[in-house]
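The structure file model28.cif is reproduced below (mmCIF, C-alpha atoms and all ligand atoms).
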data_start
loop_
_atom_site.label_atom_id
_atom_site.label_comp_id
_atom_site.auth_asym_id
_atom_site.auth_seq_id
_atom_site.Cartn_x
_atom_site.Cartn_y
_atom_site.Cartn_z
CA MET A 175 -0.86 23.45 23.61
CA VAL A 176 -1.26 19.87 24.72
CA ILE A 177 0.32 18.51 21.61
CA HIS A 178 3.57 20.02 22.80
CA ILE A 179 3.41 17.71 25.74
CA LEU A 180 2.54 14.69 23.70
CA LYS A 181 5.54 15.44 21.55
CA ILE A 182 7.77 15.80 24.57
CA SER A 183 10.43 13.64 22.98
CA THR A 184 10.88 16.23 20.23
CA LYS A 185 11.02 19.05 22.73
CA ILE A 186 13.56 17.28 24.86
CA ASN A 187 15.62 16.52 21.82
CA PHE A 188 15.52 20.19 20.93
CA PHE A 189 16.69 21.22 24.36
CA ILE A 190 19.48 18.70 24.75
CA GLY A 191 22.58 20.41 26.06
CA VAL A 192 20.74 22.97 28.14
CA SER A 193 21.69 22.85 31.80
CA LYS A 194 19.31 20.86 33.97
CA LYS A 195 19.06 23.62 36.55
CA LYS A 196 17.78 26.04 33.97
CA SER A 197 15.46 23.56 32.34
CA PRO A 198 13.51 25.14 29.52
CA PHE A 199 10.56 23.22 30.86
CA GLY A 200 10.49 25.48 33.89
CA ASN A 201 8.87 28.31 31.96
CA PHE A 202 6.91 25.93 29.85
CA VAL A 203 5.40 24.27 32.91
CA THR A 204 4.25 27.51 34.45
CA PHE A 205 2.23 28.28 31.35
CA LEU A 206 0.44 24.99 31.48
CA LYS A 207 -2.76 24.36 33.32
CA CYS A 208 -2.91 21.10 35.20
CA PHE A 209 -4.88 18.38 33.53
CA ARG A 210 -7.95 17.09 35.15
CA PRO A 211 -7.75 13.37 35.90
CA ILE A 212 -9.22 11.17 33.24
CA ASN A 213 -12.77 10.16 33.97
CA LYS A 214 -12.39 6.42 33.86
CA ARG A 215 -16.12 5.98 34.30
CA LEU A 216 -16.75 7.36 30.83
CA HIS A 217 -17.23 4.46 28.46
CA LEU A 218 -17.18 6.19 25.12
CA GLU A 219 -17.65 3.83 22.25
CA THR A 220 -16.44 5.88 19.31
CA ILE A 221 -12.99 7.14 20.12
CA LEU A 222 -12.26 8.87 16.80
CA LYS A 223 -14.36 9.64 13.76
CA ILE A 224 -12.71 10.91 10.61
CA ASN A 225 -14.87 12.32 7.85
CA GLN A 226 -13.60 13.07 4.32
CA LEU A 227 -10.27 14.24 5.71
CA SER A 228 -7.76 15.50 3.13
CA LYS A 229 -4.31 17.01 3.19
CA HIS A 230 -2.74 18.37 0.04
CA PHE A 231 0.88 19.51 -0.19
CA GLY A 232 0.68 21.55 -3.38
CA LYS A 233 -0.50 19.11 -6.04
CA ASN A 234 0.34 16.11 -3.87
CA LYS A 235 -2.81 14.66 -2.32
CA ALA A 236 -1.02 13.14 0.69
CA VAL A 237 -4.38 12.20 2.26
CA ASP A 238 -7.42 12.11 0.02
CA GLN A 239 -10.95 12.15 1.47
CA LEU A 240 -10.27 9.67 4.21
CA SER A 241 -13.16 8.47 6.39
CA PHE A 242 -13.06 5.85 9.13
CA GLU A 243 -13.95 5.29 12.78
CA ILE A 244 -11.98 3.97 15.73
CA GLN A 245 -14.04 2.08 18.28
CA LYS A 246 -13.05 1.67 21.91
CA GLY A 247 -11.08 -1.40 22.92
CA HIS A 248 -9.77 -2.44 19.51
CA VAL A 249 -6.31 -2.36 17.99
CA TYR A 250 -6.25 -0.55 14.66
CA GLY A 251 -3.49 -0.53 12.12
CA ILE A 252 -3.08 2.06 9.40
CA LEU A 253 -1.24 0.06 6.82
CA GLY A 254 0.33 1.35 3.64
CA PRO A 255 3.58 1.67 1.76
CA ASN A 256 5.99 4.56 2.39
CA GLY A 257 4.43 7.87 1.43
CA SER A 258 0.84 6.59 1.50
CA GLY A 259 -0.26 9.21 4.04
CA LYS A 260 -0.12 7.37 7.36
CA SER A 261 1.94 9.92 9.31
CA THR A 262 0.06 12.84 7.77
CA THR A 263 -3.22 11.28 8.92
CA LEU A 264 -1.91 10.84 12.47
CA GLY A 265 -0.51 14.38 12.37
CA MET A 266 -3.91 15.80 11.46
CA VAL A 267 -5.84 14.03 14.21
CA LEU A 268 -3.16 15.08 16.72
CA ASN A 269 -3.43 18.71 15.62
CA VAL A 270 0.11 19.03 14.33
CA VAL A 271 -0.87 19.08 10.64
CA ASN A 272 -3.66 21.33 9.40
CA PRO A 273 -6.16 19.48 7.20
CA THR A 274 -6.89 20.91 3.76
CA SER A 275 -10.52 19.81 4.10
CA GLY A 276 -12.72 17.39 6.01
CA THR A 277 -13.31 16.93 9.70
CA PHE A 278 -12.51 14.64 12.59
CA SER A 279 -13.93 14.37 16.08
CA TRP A 280 -12.64 12.68 19.22
CA PHE A 281 -14.77 10.81 21.77
CA ASN A 282 -18.12 11.16 19.99
CA GLY A 283 -17.50 14.85 19.52
CA ASN A 284 -18.45 15.44 23.14
CA ILE A 285 -15.25 17.32 23.88
CA ASP A 286 -13.05 19.60 21.81
CA THR A 287 -9.75 18.43 20.38
CA HIS A 288 -7.77 20.31 23.01
CA ASP A 289 -9.40 18.38 25.85
CA ALA A 290 -9.44 15.15 23.87
CA LEU A 291 -5.66 15.30 23.46
CA LYS A 292 -5.31 15.01 27.23
CA LYS A 293 -6.80 11.53 26.96
CA ILE A 294 -4.41 10.41 24.27
CA GLY A 295 -0.89 9.03 24.48
CA ALA A 296 1.09 9.42 21.28
CA ILE A 297 4.55 8.68 19.98
CA ILE A 298 4.97 10.08 16.52
CA GLU A 299 8.62 11.04 16.72
CA HIS A 300 11.86 9.20 17.50
CA PRO A 301 12.09 8.69 21.25
CA ASN A 302 14.40 11.19 22.91
CA PHE A 303 14.79 12.24 26.50
CA TYR A 304 17.47 14.02 28.51
CA PRO A 305 20.48 11.75 27.90
CA SER A 306 22.18 12.25 31.25
CA MET A 307 19.02 11.72 33.30
CA SER A 308 17.80 8.27 34.28
CA ALA A 309 14.61 6.73 32.91
CA LEU A 310 12.84 7.46 36.17
CA GLU A 311 14.01 11.09 36.27
CA ASN A 312 12.87 11.58 32.70
CA LEU A 313 9.44 10.15 33.49
CA GLU A 314 9.18 12.33 36.59
CA LEU A 315 9.89 15.34 34.41
CA VAL A 316 7.21 14.31 31.93
CA ALA A 317 4.74 13.85 34.80
CA LYS A 318 5.60 17.31 36.10
CA ILE A 319 5.01 18.90 32.73
CA LYS A 320 1.73 17.04 32.31
CA CYS A 321 0.74 17.98 35.89
CA LEU A 322 0.07 14.32 36.64
CA ASN A 323 -0.69 13.43 40.20
CA GLU A 324 1.67 10.68 41.38
CA PRO A 325 1.66 8.40 38.36
CA ASN A 326 2.49 4.78 38.97
CA TYR A 327 6.03 4.76 37.58
CA GLN A 328 6.68 1.20 38.63
CA GLU A 329 3.58 -0.10 36.84
CA LYS A 330 4.54 1.66 33.59
CA LEU A 331 8.22 0.74 33.75
CA ASP A 332 7.38 -2.85 34.68
CA LEU A 333 5.04 -3.05 31.70
CA VAL A 334 7.84 -2.09 29.32
CA GLY A 335 10.45 -4.15 31.17
CA LEU A 336 12.57 -1.23 32.36
CA TRP A 337 11.93 -1.10 36.11
CA GLU A 338 15.24 -2.81 36.84
CA ARG A 339 17.04 -0.26 34.67
CA ARG A 340 15.18 2.78 36.02
CA PHE A 341 18.29 4.44 37.50
CA ASP A 342 20.40 4.06 34.36
CA ALA A 343 21.05 7.15 32.26
CA PHE A 344 18.93 7.40 29.12
CA ARG A 345 22.08 7.67 26.97
CA THR A 346 23.04 4.11 27.97
CA TYR A 347 19.78 2.70 26.59
CA SER A 348 19.54 0.70 23.37
CA LEU A 349 17.15 1.89 20.65
CA GLY A 350 14.59 -0.70 21.74
CA MET A 351 14.83 0.44 25.37
CA LYS A 352 14.41 4.07 24.29
CA GLN A 353 11.29 3.13 22.37
CA ARG A 354 9.97 1.21 25.38
CA LEU A 355 10.63 4.19 27.64
CA ALA A 356 8.72 6.39 25.19
CA ILE A 357 5.76 3.99 25.48
CA ALA A 358 5.94 4.14 29.30
CA SER A 359 6.01 7.92 29.04
CA ALA A 360 2.99 8.01 26.73
CA LEU A 361 1.11 5.80 29.19
CA LEU A 362 1.80 7.92 32.27
CA ASN A 363 -1.57 9.68 32.05
CA ASP A 364 -3.45 6.37 31.52
CA PRO A 365 -4.65 7.40 28.06
CA GLU A 366 -7.85 6.09 26.48
CA ILE A 367 -5.97 5.60 23.25
CA LEU A 368 -2.31 5.06 22.43
CA ILE A 369 -1.12 6.24 19.01
CA LEU A 370 2.13 4.90 17.61
CA ASP A 371 3.80 5.71 14.31
CA GLU A 372 5.94 2.82 13.03
CA PRO A 373 6.70 1.59 16.58
CA THR A 374 9.25 -1.02 15.55
CA ASN A 375 11.16 0.96 12.95
CA GLY A 376 14.91 0.36 13.15
CA LEU A 377 14.71 -2.32 15.85
CA ASP A 378 16.34 -5.73 15.71
CA PRO A 379 14.11 -8.86 15.73
CA GLN A 380 14.28 -9.17 19.52
CA GLY A 381 13.41 -5.48 19.97
CA ILE A 382 10.53 -5.83 17.52
CA HIS A 383 9.23 -8.85 19.42
CA GLN A 384 9.40 -6.99 22.76
CA ILE A 385 7.56 -3.93 21.44
CA ARG A 386 4.84 -6.08 19.85
CA ASP A 387 4.36 -7.99 23.11
CA ILE A 388 4.08 -4.74 25.03
CA ILE A 389 1.51 -3.36 22.60
CA LYS A 390 -0.52 -6.56 22.96
CA LYS A 391 -0.38 -6.29 26.76
CA ILE A 392 -1.52 -2.66 26.66
CA ALA A 393 -4.41 -3.65 24.40
CA GLU A 394 -5.36 -6.50 26.75
CA GLN A 395 -5.66 -3.96 29.54
CA GLY A 396 -8.38 -2.23 27.51
CA THR A 397 -6.49 0.68 25.95
CA THR A 398 -7.50 1.38 22.36
CA ILE A 399 -4.51 1.42 20.04
CA LEU A 400 -3.95 3.06 16.68
CA LEU A 401 -0.66 2.31 15.02
CA ALA A 402 0.75 3.19 11.63
CA SER A 403 2.91 0.60 9.94
CA HIS A 404 4.12 -0.36 6.50
CA LEU A 405 4.55 -3.96 7.66
CA LEU A 406 1.71 -6.30 6.86
CA ASP A 407 3.20 -8.86 9.20
CA GLU A 408 3.15 -6.36 12.07
CA VAL A 409 -0.47 -5.39 11.51
CA GLU A 410 -1.46 -9.04 11.18
CA LYS A 411 0.26 -9.94 14.46
CA ILE A 412 -0.98 -7.01 16.56
CA CYS A 413 -4.14 -5.52 15.10
CA SER A 414 -7.75 -6.58 15.05
CA HIS A 415 -8.73 -3.96 12.45
CA VAL A 416 -6.90 -2.45 9.54
CA ILE A 417 -7.25 0.63 7.38
CA ILE A 418 -5.20 0.28 4.21
CA LEU A 419 -3.98 3.41 2.46
CA ARG A 420 -2.53 3.75 -0.98
CA GLN A 421 -1.47 7.14 -2.29
CA GLY A 422 -3.55 8.87 0.35
CA LYS A 423 -6.73 6.97 -0.43
CA MET A 424 -8.34 4.32 1.73
CA ILE A 425 -8.66 1.04 -0.13
CA TYR A 426 -9.77 -1.19 2.74
CA ASP A 427 -11.33 -0.70 6.17
CA GLY A 428 -12.31 -3.75 8.16
CA SER A 429 -11.16 -6.56 10.35
CA VAL A 430 -7.78 -8.14 9.66
CA GLU A 431 -9.56 -11.48 9.57
CA SER A 432 -12.00 -10.51 6.84
CA MET A 433 -9.19 -9.13 4.71
CA ASN A 434 -8.76 -12.63 3.43
CA ALA A 435 -12.21 -13.90 4.14
CA SER A 436 -12.53 -15.04 0.56
CA HIS A 437 -13.91 -18.54 0.16
CA GLY A 438 -10.79 -19.57 -1.68
CA PHE A 439 -10.44 -21.11 -5.13
CA PHE A 440 -10.18 -24.45 -6.91
CA GLU A 441 -7.54 -25.53 -9.32
CA VAL A 442 -9.18 -28.12 -11.52
CA ALA A 443 -8.44 -30.07 -14.70
CA ALA A 444 -10.12 -32.78 -16.84
CA GLU A 445 -9.34 -34.47 -20.15
CA ASN A 446 -12.55 -33.06 -21.62
CA LYS A 447 -11.72 -29.36 -21.23
CA PRO A 448 -14.74 -27.87 -23.10
CA GLN A 449 -17.19 -29.91 -21.05
CA LEU A 450 -15.45 -28.94 -17.80
CA LEU A 451 -15.44 -25.27 -18.79
CA GLN A 452 -19.16 -25.43 -19.56
CA LEU A 453 -19.85 -26.87 -16.11
CA LEU A 454 -17.67 -24.30 -14.32
CA GLU A 455 -19.21 -21.36 -16.17
CA SER A 456 -22.75 -22.47 -15.48
CA GLU A 457 -22.31 -22.97 -11.71
CA PRO A 458 -23.66 -19.98 -9.70
CA ALA A 459 -21.32 -20.68 -6.73
CA PHE A 460 -18.34 -19.67 -8.86
CA GLU A 461 -17.31 -16.05 -9.19
CA SER A 462 -14.92 -16.43 -12.10
CA VAL A 463 -13.07 -19.01 -14.13
CA SER A 464 -9.65 -18.40 -15.64
CA GLU A 465 -7.15 -20.61 -17.43
CA LEU A 466 -3.80 -21.39 -15.82
CA PRO A 467 -0.75 -23.08 -17.39
CA ASN A 468 -0.70 -26.92 -17.36
CA GLN A 469 -4.29 -27.27 -18.62
CA LEU A 470 -5.66 -26.05 -15.28
CA TYR A 471 -8.64 -23.86 -14.60
CA LYS A 472 -8.71 -21.53 -11.59
CA VAL A 473 -12.21 -21.18 -10.19
CA ILE A 474 -12.81 -18.47 -7.60
CA LEU A 475 -15.62 -19.23 -5.17
CA LYS A 476 -18.22 -16.70 -4.16
CA GLN A 477 -19.73 -18.98 -1.55
CA PRO A 478 -18.36 -21.89 0.49
CA MET A 479 -17.87 -25.17 -1.36
CA GLU A 480 -15.69 -28.20 -0.64
CA SER A 481 -13.72 -30.21 -3.18
CA ASP A 482 -15.90 -33.29 -2.86
CA THR A 483 -18.99 -31.29 -3.90
CA LEU A 484 -17.28 -30.14 -7.11
CA ASN A 485 -15.99 -33.66 -7.72
CA LYS A 486 -19.49 -35.11 -7.38
CA MET A 487 -20.95 -32.36 -9.57
CA ALA A 488 -18.43 -33.14 -12.32
CA PHE A 489 -18.93 -36.89 -11.99
CA GLU A 490 -22.72 -36.52 -12.36
CA LYS A 491 -22.10 -34.69 -15.67
CA GLY A 492 -19.81 -37.50 -16.81
CA ILE A 493 -16.62 -35.48 -16.35
CA VAL A 494 -13.67 -37.25 -14.78
CA LEU A 495 -11.39 -34.81 -12.99
CA LYS A 496 -7.68 -35.48 -13.19
CA HIS A 497 -6.70 -32.64 -10.87
CA LEU A 498 -8.66 -30.97 -8.07
CA VAL A 499 -7.13 -28.79 -5.32
CA LYS A 500 -8.74 -26.21 -3.09
CA ARG A 501 -6.58 -23.25 -2.00
CA LYS A 502 -6.96 -20.03 -0.07
CA GLU A 503 -5.06 -16.81 -0.62
CA SER A 504 -2.64 -15.81 2.11
CA LEU A 505 -3.18 -12.46 3.81
CA GLU A 506 -0.19 -11.20 1.88
CA GLU A 507 -1.74 -12.21 -1.44
CA SER A 508 -5.02 -10.52 -0.44
CA PHE A 509 -3.10 -7.38 0.50
CA LEU A 510 -1.16 -7.38 -2.75
CA ASN A 511 -4.34 -7.96 -4.73
CA LEU A 512 -6.06 -5.11 -2.91
CA THR A 513 -3.25 -2.66 -3.52
CA LYS A 514 -2.75 -3.87 -7.11
CA ASN A 515 -6.40 -3.68 -8.13
CA GLU A 516 -6.84 -0.16 -6.88
N1 LIG B 601 5.57 18.62 5.21
C1 LIG B 601 5.42 18.08 4.00
N2 LIG B 601 5.58 18.83 2.90
C2 LIG B 601 5.40 18.31 1.66
N3 LIG B 601 5.03 17.03 1.44
C3 LIG B 601 4.86 16.24 2.50
C4 LIG B 601 5.04 16.72 3.84
N4 LIG B 601 4.77 15.71 4.71
C5 LIG B 601 4.47 14.65 3.93
N5 LIG B 601 4.51 14.95 2.62
C6 LIG B 601 4.20 14.07 1.50
O1 LIG B 601 2.94 13.49 1.75
C7 LIG B 601 2.92 12.13 1.32
C8 LIG B 601 2.51 11.26 2.50
O2 LIG B 601 3.57 11.28 3.46
P1 LIG B 601 3.46 10.53 4.86
O3 LIG B 601 4.70 10.80 5.61
O4 LIG B 601 2.17 10.87 5.49
O5 LIG B 601 3.42 9.01 4.40
P2 LIG B 601 3.64 7.71 5.28
O6 LIG B 601 2.67 6.71 4.77
O7 LIG B 601 3.62 8.03 6.71
O8 LIG B 601 5.11 7.29 4.82
P3 LIG B 601 6.29 6.67 5.70
O9 LIG B 601 5.91 5.25 5.96
O10 LIG B 601 7.45 6.78 4.78
O11 LIG B 601 6.42 7.49 6.93
C9 LIG B 601 4.30 11.83 0.78
O12 LIG B 601 4.25 11.98 -0.62
C10 LIG B 601 5.17 12.90 1.41
O13 LIG B 601 6.26 13.20 0.58
#

I need this file expressed as structure tokens, please.
Amino acid sequence: MVIHILKISTKINFFIGVSKKKSPFGNFVTFLKCFRPINKRLHLETILKINQLSKHFGKNKAVDQLSFEIQKGHVYGILGPNGSGKSTTLGMVLNVVNPTSGTFSWFNGNIDTHDALKKIGAIIEHPNFYPSMSALENLELVAKIKCLNEPNYQEKLDLVGLWERRFDAFRTYSLGMKQRLAIASALLNDPEILILDEPTNGLDPQGIHQIRDIIKKIAEQGTTILLASHLLDEVEKICSHVIILRQGKMIYDGSVESMNASHGFFEVAAENKPQLLQLLESEPAFESVSELPNQLYKVILKQPMESDTLNKMAFEKGIVLKHLVKRKESLEESFLNLTKNE
């Protein structure tokens, strides 16, 4: 099954210690049919469509009626705290976890999942290769298993900054280098979509920075990316779209930008509080008014408005404002509000 190839790191990990001459991949390879080259001329718009997908582990609804679409050329983040169902979702669409109910289809449903998986690069396990073999030898082995016809090793290793280190044994690599090699490996078949589960987990700040830069470069080259992360900061820096999960349920699906596309809020105060409150409550541009400490009112906007407009409005009603500030929630505040309210 193709997923065995996508999860090569796990397989290799499993077979560590087996002599190279009698590689367990020998038999494995002979049972595999060679992949047909990817048809680069196909410009499929919907890469993945998930419809009411659920996975229950006993009473635990790990993923609960999840529906979303992945469009070609974008970078999607599945964001959620630990245990919110991110890995289970990725596992289902990669055919390693059986859904309890619901459906998903790859590439507009024009091809079955088995064929679709040949057009996907995925890293959903810790990177692991044969420790005594070099990066290049490991990639050559992956290419052999995937029946790839002369992949451009230099291009992939250059992209992840490992070409200079290509002859070094895998066991001498740092965690960040191992993760970068795994990305190069997942890219060998020039996938339409690259799927990454917590790609920067366990890395130091420099390693995190390198991986994020690489992901951005891959996206710039037109590869669609779907990554799971529990880091808001990561999703904000890399992704154009975000699907937020909480306890298996989707609580937001949209662009990262519009996550905090609120029009902001005013903090306002006047000596004549009742008169000010009357004005604020009667103005249709305001969504809600609440009282803060220090005699302040917080006024959430439902349409754009600048401070000078509110100032003028108050002045025309004979109200003199002694405090007026316009603020906007940070993405983090929007995220916390989203997860809190649900
Ligand atoms: N094989 C399993 N058997 C039983 N429960 C499972 C299994 N796999 C996952 N779960 C449960 O499903 C829920 C979702 O887990 P999942 O790993 O998908 O979350 P996640 O968002 O990826 O978390 P993390 O960021 O920690 O990886 C959790 O409550 C987890 O304990």

Can you check which parts of chain A lie within 9 Å of ligand LIG 601 (chain B)? Per residue, the shortest pair of atoms and distance in Å to one decimal, counting all atoms listed in the file, sorted by chain and number, as JSON lines.
{"residue": "A:Lys229", "atom": "CA", "partner": "B:LIG601", "partner_atom": "O1", "distance": 8.2}
{"residue": "A:His230", "atom": "CA", "partner": "B:LIG601", "partner_atom": "O1", "distance": 7.7}
{"residue": "A:Phe231", "atom": "CA", "partner": "B:LIG601", "partner_atom": "C2", "distance": 5.0}
{"residue": "A:Gly232", "atom": "CA", "partner": "B:LIG601", "partner_atom": "C2", "distance": 7.6}
{"residue": "A:Asn234", "atom": "CA", "partner": "B:LIG601", "partner_atom": "O12", "distance": 6.6}
{"residue": "A:Lys235", "atom": "CA", "partner": "B:LIG601", "partner_atom": "O1", "distance": 7.1}
{"residue": "A:Ala236", "atom": "CA", "partner": "B:LIG601", "partner_atom": "O1", "distance": 4.1}
{"residue": "A:Val237", "atom": "CA", "partner": "B:LIG601", "partner_atom": "C8", "distance": 7.0}
{"residue": "A:Ile252", "atom": "CA", "partner": "B:LIG601", "partner_atom": "O6", "distance": 8.7}
{"residue": "A:Leu253", "atom": "CA", "partner": "B:LIG601", "partner_atom": "O6", "distance": 8.0}
{"residue": "A:Gly254", "atom": "CA", "partner": "B:LIG601", "partner_atom": "O6", "distance": 6.0}
{"residue": "A:Pro255", "atom": "CA", "partner": "B:LIG601", "partner_atom": "O6", "distance": 5.9}
{"residue": "A:Asn256", "atom": "CA", "partner": "B:LIG601", "partner_atom": "O10", "distance": 3.6}
{"residue": "A:Gly257", "atom": "CA", "partner": "B:LIG601", "partner_atom": "O5", "distance": 3.3}
{"residue": "A:Ser258", "atom": "CA", "partner": "B:LIG601", "partner_atom": "O6", "distance": 3.7}
{"residue": "A:Gly259", "atom": "CA", "partner": "B:LIG601", "partner_atom": "O4", "distance": 3.3}
{"residue": "A:Lys260", "atom": "CA", "partner": "B:LIG601", "partner_atom": "O7", "distance": 3.9}
{"residue": "A:Ser261", "atom": "CA", "partner": "B:LIG601", "partner_atom": "O7", "distance": 3.6}
{"residue": "A:Thr262", "atom": "CA", "partner": "B:LIG601", "partner_atom": "O4", "distance": 3.7}
{"residue": "A:Thr263", "atom": "CA", "partner": "B:LIG601", "partner_atom": "O4", "distance": 6.4}
{"residue": "A:Leu264", "atom": "CA", "partner": "B:LIG601", "partner_atom": "O4", "distance": 8.1}
{"residue": "A:Gly265", "atom": "CA", "partner": "B:LIG601", "partner_atom": "O4", "distance": 8.2}
{"residue": "A:Val271", "atom": "CA", "partner": "B:LIG601", "partner_atom": "N1", "distance": 8.4}
{"residue": "A:Asp371", "atom": "CA", "partner": "B:LIG601", "partner_atom": "O7", "distance": 7.9}
{"residue": "A:Glu372", "atom": "CA", "partner": "B:LIG601", "partner_atom": "O9", "distance": 7.5}
{"residue": "A:Ala402", "atom": "CA", "partner": "B:LIG601", "partner_atom": "O7", "distance": 7.5}
{"residue": "A:Ser403", "atom": "CA", "partner": "B:LIG601", "partner_atom": "O9", "distance": 6.8}
{"residue": "A:His404", "atom": "CA", "partner": "B:LIG601", "partner_atom": "O9", "distance": 5.9}
{"residue": "A:Leu419", "atom": "CA", "partner": "B:LIG601", "partner_atom": "O6", "distance": 7.8}
{"residue": "A:Arg420", "atom": "CA", "partner": "B:LIG601", "partner_atom": "O6", "distance": 8.3}
{"residue": "A:Gln421", "atom": "CA", "partner": "B:LIG601", "partner_atom": "C8", "distance": 7.5}
{"residue": "A:Gly422", "atom": "CA", "partner": "B:LIG601", "partner_atom": "C8", "distance": 6.9}

Across A:Phe341, A:Asp407, A:Arg386, A:Met487, the smallest distance to Ser456 (chain A), with all atoms listed in the file counted, is shown by A:Met487

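The closest residue to Val267 (chain A), picked from A:Leu310, A:Tyr327, A:Leu400, A:Arg501 and counting only C-alpha atoms, is A:Leu400.
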
Could you check how far CA of Glu324 (chain A) sits from CA of Trp280 (chain A), in Å to one decimal? 26.5 Å

Would you kindly return, as a PyMOL selection string, each protein, DNA or RNA residue with an atom no farther than 9 Å from any atom of Gln239 (chain A), considering only C-alpha atoms and excluding same-chain residues fewer than 6 positions away? chain A and resi 225-229+275-276+422-424

Counting only C-alpha atoms, the residue of A:Tyr250, A:Ile285, A:Asn272, A:Glu219 that sits nearest Ser429 (chain A):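 Comparing A:Tyr250, A:Ile285, A:Asn272, A:Glu219 against Ser429 (chain A), the winner is A:Tyr250.
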
Just the number, please: distance in Å from CA of Ile425 (chain A) to CA of Ala296 (chain A), one decimal.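 Rounded to one decimal, the two atoms are 25.0 Å apart.
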
Neighbours of Ile399 (chain A) within 7 Å (only C-alpha atoms; same-chain residues fewer than 4 positions away dropped), as a PyMOL selection string? chain A and resi 248-250+367-369+393

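Across the model, the gap from CA of Ala290 (chain A) to CA of Asn323 (chain A) is 18.6 Å.
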
From A:Asn375, A:Thr397, A:Gln328, A:Ser241, residue lying nearest His300 (chain A) [all atoms listed in the file]: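 That would be A:Asn375, the residue with the smallest distance to His300 (chain A).
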
Which residues are near Leu484 (chain A)? Cut-off 10 Å, only C-alpha atoms, ignore same chain within fewer than 6 positions. Put them as JSON, numbers by chain. {"A": [440, 442, 453, 454, 457, 490, 495, 498]}

Using only C-alpha atoms, determine which residues lie at most 10 Å from Ile382 (chain A), disregarding the query and same-chain residues fewer than 5 positions distant; provide the list as a list of chain:residue names. A:Gly350, A:Pro373, A:Thr374, A:Asn375, A:Gly376, A:Leu377, A:Asp387, A:Ile388, A:Glu408

Generate a file of the selected residues that holds C-alpha atoms, formatted as a PDB file, keeping the file's coordinate frame.
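Generated file (result24.pdb):
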ATOM      1  CA  GLY A 350      14.590  -0.700  21.740  1.00  0.00           C
ATOM      2  CA  PRO A 373       6.700   1.590  16.580  1.00  0.00           C
ATOM      3  CA  THR A 374       9.250  -1.020  15.550  1.00  0.00           C
ATOM      4  CA  ASN A 375      11.160   0.960  12.950  1.00  0.00           C
ATOM      5  CA  GLY A 376      14.910   0.360  13.150  1.00  0.00           C
ATOM      6  CA  LEU A 377      14.710  -2.320  15.850  1.00  0.00           C
ATOM      7  CA  ASP A 387       4.360  -7.990  23.110  1.00  0.00           C
ATOM      8  CA  ILE A 388       4.080  -4.740  25.030  1.00  0.00           C
ATOM      9  CA  GLU A 408       3.150  -6.360  12.070  1.00  0.00           C
TER      10      GLU A 408
END

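Of the listed residues (A:Val430, A:Leu313, A:Ile493, A:Asp289), A:Val430 comes nearest to Val409 (chain A); the distances count all atoms listed in the file.
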
Compare A:Asn269, A:Ala343, A:Gln477, A:Ile389 by their minimum atom-to-atom distance to Asp286 (chain A), counting only C-alpha atoms, and give me the closest one.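 With only C-alpha atoms as the atom set, the closest residue is A:Asn269.
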
Excluding Tyr426 (chain A) and its own-chain neighbours fewer than 3 positions away, which residues fall within 8 Å of it when counting all atoms listed in the file? Please give them as a list in words.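 Non-adjacent residues within range: Val416, Ile417, Ile418, Leu419 and Leu512 of chain A.
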